[in-house]
Amino acid sequence: MPEENINSKKEFQPAIAAFVCTWCTYTGADLAGTSRLKYEPNVRIMRLPCTGRIDYNLIVKALEKGADGVLVSGCHPNDCHYNAGNFHARRRFTIFRELLNFVGIDLRRVQFSWVSAAEGAKWADLINKFTSEIKELGPFTEYKKLSGVSFPIEEFDFSEETVEASEK
Amino acid sequence: MSTLNQIVKELLQSGKVSSAIGYAEGTIPGKVQTIIAKTPEQAEKFIFNSFCVNNLVTYLTRGFKLTGEKPVAVVVKGCDARSIIALIQENQLTREQVYIIGVACNGVKDKDGNEAVKCRACQSHTPAVYDTLVGEPVEEKPVNPAEAFKDVEKLESMSVSERWEFWNKEFEKCIRCYACRQACPLCYCERCVVDKTTPQWIDSSAHPVGNLSWHITRAFHLAGRCTGCGECERACHQNIPLGLLNKKMSKEIFKNFGYRAGKDMNAKPPLTEFKIEDKEEFIR
């Protein structure tokens, strides 16, 4: 069995939702792609015009729908395509992350970054780091239990014997 | 100094205001009702005592006709006056549309007859803004600032998973009646996001996942806007400690932006603007 198979049942594969801005981070991610940089495939990228458009609701919805980690990424300060969207997002996120923390959501699962259009390598690096952090934290079972996203992680037997037996 | 009844009678008789909103005796002892008086004869029904915990400013944003030529008079305590200032900040009212009858307050009681939580650390026994004041201005006794956020700090000292347990246990009780939303003077949106169905952002059934989302929404939409009148928590008949969420937000807003809602009529709410030098330690 190939070691790198994403469908390998041996390791927990997180679902990471990334809300990125079109002009910087998405372009940066595109650059990572055209440069053929390899990075973890667990991230699902959602493109928005600007981080300033991001409603806190999107983050909560992503967690409701089964995301184990959420990443919000946009242009560096002063580089926003719409001048000030990222500044607004930064302010909102400063307060929103405190609310999430207060309500009992681990902030290591919800992260914010600046990635510019030229930082393809930074994007790949960021995703790799974030994915490994989430893998260590494990699936967001608390939220999944709440929203009934059916993913019986606890009952799933990841041991080699069971996996091999099921594949015969 | 005129009494409350004299002031209201004069205002209505002279035609200075179109109507006056105030407190009246309730149907049972320890309860008060709202009275919206349009004639001078009704002025004698106005009262003010330690049971007058309601925030009457909520009436000003609930389809009340403020567009007429004459202002509306409203009886406010110190905490209620902040709501008026906050509404003026957000262009929901102009100062001229309201005739503020301030009352000097010595604290009010909650539904169990104990001193209301919001009164413990109160520094605004006299309203900050008024057109006329009933009673003598109250001298503020110094209050230990730690007192004000004691209950928030208790929660902050718990671990993340303990907080998760705590809040989800509380939110299990929520039946999504939205009394908290209706009682809040700053929840004046004609169409609330939670009622939107195409697409549906917040699950509408009284189920843990939607309840969590709703309370996060309410807390965040009031961040930097809540003036701490405590109506939401008072209105909740499931006894969910809603005030804790709003207080936490006020604490963070003050810590990060040095802003308090309902203090300065000309101040811009912090989440409507930004500064280039805003903190960003958490950004990767």
# chains A, B, ... in the order shown; residues from 1 in each chain; ligands from 1
$ residues_around --residues "stretch 256-272 of chain B" --least-positions-apart "5" --cutoff "6 Å" --atoms "only C-alpha atoms" --output "list in words"
Arg82, Ser83, Ile85, Ala86, Gln89, Gly224, Arg225 and Thr227 of chain B
$ select_by_dssp --residues "stretch 4-74 of chain A" --states "helix (DSSP H, G or I)" --output "list of chain:residue names"
A:Thr22, A:Trp23, A:Cys24, A:Thr25, A:Tyr26, A:Thr27, A:Gly28, A:Ala29, A:Asp30, A:Leu31, A:Ala32, A:Gly33, A:Thr34, A:Thr51, A:Gly52, A:Arg53, A:Tyr56, A:Asn57, A:Leu58, A:Ile59, A:Val60, A:Lys61, A:Ala62, A:Leu63, A:Glu64
$ closest_atom_pairs --of "chain A" --to "chain B" --cutoff "10 Å" --atoms "only C-alpha atoms" --output "JSON lines"
{"residue": "A:Tyr56", "atom": "CA", "partner": "B:Thr217", "partner_atom": "CA", "distance": 8.2}
{"residue": "A:Asn57", "atom": "CA", "partner": "B:Trp201", "partner_atom": "CA", "distance": 6.9}
{"residue": "A:Leu58", "atom": "CA", "partner": "B:Trp201", "partner_atom": "CA", "distance": 8.3}
{"residue": "A:Val60", "atom": "CA", "partner": "B:Ser213", "partner_atom": "CA", "distance": 6.9}
{"residue": "A:Lys61", "atom": "CA", "partner": "B:Trp201", "partner_atom": "CA", "distance": 7.4}
{"residue": "A:Glu64", "atom": "CA", "partner": "B:Val209", "partner_atom": "CA", "distance": 7.2}
{"residue": "A:Val72", "atom": "CA", "partner": "B:Ile283", "partner_atom": "CA", "distance": 9.7}
{"residue": "A:Ser73", "atom": "CA", "partner": "B:Arg284", "partner_atom": "CA", "distance": 9.1}
{"residue": "A:Pro77", "atom": "CA", "partner": "B:Ile276", "partner_atom": "CA", "distance": 7.7}
{"residue": "A:Asn78", "atom": "CA", "partner": "B:Ile276", "partner_atom": "CA", "distance": 8.3}
{"residue": "A:Ala84", "atom": "CA", "partner": "B:Phe274", "partner_atom": "CA", "distance": 8.4}
{"residue": "A:Gly85", "atom": "CA", "partner": "B:Phe274", "partner_atom": "CA", "distance": 9.8}
{"residue": "A:Asn86", "atom": "CA", "partner": "B:Phe274", "partner_atom": "CA", "distance": 9.7}
{"residue": "A:Phe87", "atom": "CA", "partner": "B:Phe274", "partner_atom": "CA", "distance": 6.1}
{"residue": "A:His88", "atom": "CA", "partner": "B:Phe274", "partner_atom": "CA", "distance": 6.0}
{"residue": "A:Ala89", "atom": "CA", "partner": "B:Phe274", "partner_atom": "CA", "distance": 9.3}
{"residue": "A:Arg90", "atom": "CA", "partner": "B:Glu280", "partner_atom": "CA", "distance": 7.3}
{"residue": "A:Arg91", "atom": "CA", "partner": "B:Phe274", "partner_atom": "CA", "distance": 6.6}
{"residue": "A:Arg92", "atom": "CA", "partner": "B:Leu271", "partner_atom": "CA", "distance": 6.5}
{"residue": "A:Phe93", "atom": "CA", "partner": "B:Phe282", "partner_atom": "CA", "distance": 9.5}
{"residue": "A:Thr94", "atom": "CA", "partner": "B:Glu280", "partner_atom": "CA", "distance": 7.8}
{"residue": "A:Ile95", "atom": "CA", "partner": "B:Glu252", "partner_atom": "CA", "distance": 6.6}
{"residue": "A:Phe96", "atom": "CA", "partner": "B:Phe220", "partner_atom": "CA", "distance": 6.9}
{"residue": "A:Arg97", "atom": "CA", "partner": "B:Phe282", "partner_atom": "CA", "distance": 9.5}
{"residue": "A:Glu98", "atom": "CA", "partner": "B:Glu252", "partner_atom": "CA", "distance": 7.4}
{"residue": "A:Leu99", "atom": "CA", "partner": "B:Met249", "partner_atom": "CA", "distance": 7.0}
{"residue": "A:Leu100", "atom": "CA", "partner": "B:Ile216", "partner_atom": "CA", "distance": 7.9}
{"residue": "A:Asn101", "atom": "CA", "partner": "B:Val160", "partner_atom": "CA", "distance": 6.9}
{"residue": "A:Phe102", "atom": "CA", "partner": "B:Glu156", "partner_atom": "CA", "distance": 6.8}
{"residue": "A:Val103", "atom": "CA", "partner": "B:Trp164", "partner_atom": "CA", "distance": 5.8}
{"residue": "A:Gly104", "atom": "CA", "partner": "B:Trp164", "partner_atom": "CA", "distance": 3.9}
{"residue": "A:Ile105", "atom": "CA", "partner": "B:Val160", "partner_atom": "CA", "distance": 6.6}
{"residue": "A:Asp106", "atom": "CA", "partner": "B:Val160", "partner_atom": "CA", "distance": 6.4}
{"residue": "A:Leu107", "atom": "CA", "partner": "B:Val160", "partner_atom": "CA", "distance": 9.1}
{"residue": "A:Gln111", "atom": "CA", "partner": "B:Ile283", "partner_atom": "CA", "distance": 7.4}
{"residue": "A:Phe112", "atom": "CA", "partner": "B:Ile283", "partner_atom": "CA", "distance": 5.2}
{"residue": "A:Ser113", "atom": "CA", "partner": "B:Arg284", "partner_atom": "CA", "distance": 4.5}
{"residue": "A:Trp114", "atom": "CA", "partner": "B:Arg284", "partner_atom": "CA", "distance": 6.6}
{"residue": "A:Val115", "atom": "CA", "partner": "B:Arg284", "partner_atom": "CA", "distance": 8.7}
{"residue": "A:Leu126", "atom": "CA", "partner": "B:Arg284", "partner_atom": "CA", "distance": 8.3}
{"residue": "A:Glu142", "atom": "CA", "partner": "B:Trp164", "partner_atom": "CA", "distance": 8.5}
{"residue": "A:Tyr143", "atom": "CA", "partner": "B:Val209", "partner_atom": "CA", "distance": 8.1}
{"residue": "A:Lys144", "atom": "CA", "partner": "B:Val209", "partner_atom": "CA", "distance": 9.3}
{"residue": "A:Lys145", "atom": "CA", "partner": "B:Val209", "partner_atom": "CA", "distance": 9.2}
{"residue": "A:Leu146", "atom": "CA", "partner": "B:Val209", "partner_atom": "CA", "distance": 5.5}
{"residue": "A:Ser147", "atom": "CA", "partner": "B:Val209", "partner_atom": "CA", "distance": 5.2}
{"residue": "A:Gly148", "atom": "CA", "partner": "B:Val209", "partner_atom": "CA", "distance": 8.6}
$ atom_distance --atom1 "atom CA of B:Cys79" --atom2 "atom CA of B:Cys232"
13.7 Å
$ residues_around --residues "B:Pro145" --least-positions-apart "5" --cutoff "12 Å" --atoms "only C-alpha atoms" --output "list in words"
Arg120, Ala121, Cys122, Gln123, Lys150, Glu153 and Lys251 of chain B
$ select_by_dssp --residues "stretch 65-164 of chain A" --states "strand (DSSP E)" --output "list in words"
Gly69, Val70, Leu71, Val72, Ser73, Gly74, Val110, Gln111, Phe112, Ser113 and Trp114 of chain A
$ residues_around --residues "A:Lys122" --least-positions-apart "6" --cutoff "9 Å" --atoms "only C-alpha atoms" --output "ChimeraX atom specification"
/A:28-29,32,115-116
$ write_last_selection --atoms "N, CA and C atoms" --output "mmCIF file, in the first residue's frame"
data_model
loop_
_atom_site.group_PDB
_atom_site.id
_atom_site.type_symbol
_atom_site.label_atom_id
_atom_site.label_comp_id
_atom_site.auth_asym_id
_atom_site.auth_seq_id
_atom_site.Cartn_x
_atom_site.Cartn_y
_atom_site.Cartn_z
ATOM 1 N N GLY A 28 -0.866 34.065 -4.190
ATOM 2 C CA GLY A 28 0.301 33.423 -3.593
ATOM 3 C C GLY A 28 0.176 31.918 -3.623
ATOM 4 N N ALA A 29 -1.019 31.426 -3.322
ATOM 5 C CA ALA A 29 -1.255 29.983 -3.356
ATOM 6 C C ALA A 29 -1.119 29.473 -4.785
ATOM 7 N N ALA A 32 2.416 29.084 -5.557
ATOM 8 C CA ALA A 32 2.927 27.836 -4.967
ATOM 9 C C ALA A 32 2.636 26.675 -5.902
ATOM 10 N N VAL A 115 -0.355 36.689 3.748
ATOM 11 C CA VAL A 115 0.452 36.033 2.713
ATOM 12 C C VAL A 115 0.300 36.841 1.453
ATOM 13 N N SER A 116 1.399 37.332 0.919
ATOM 14 C CA SER A 116 1.275 38.181 -0.266
ATOM 15 C C SER A 116 1.329 37.345 -1.529
#
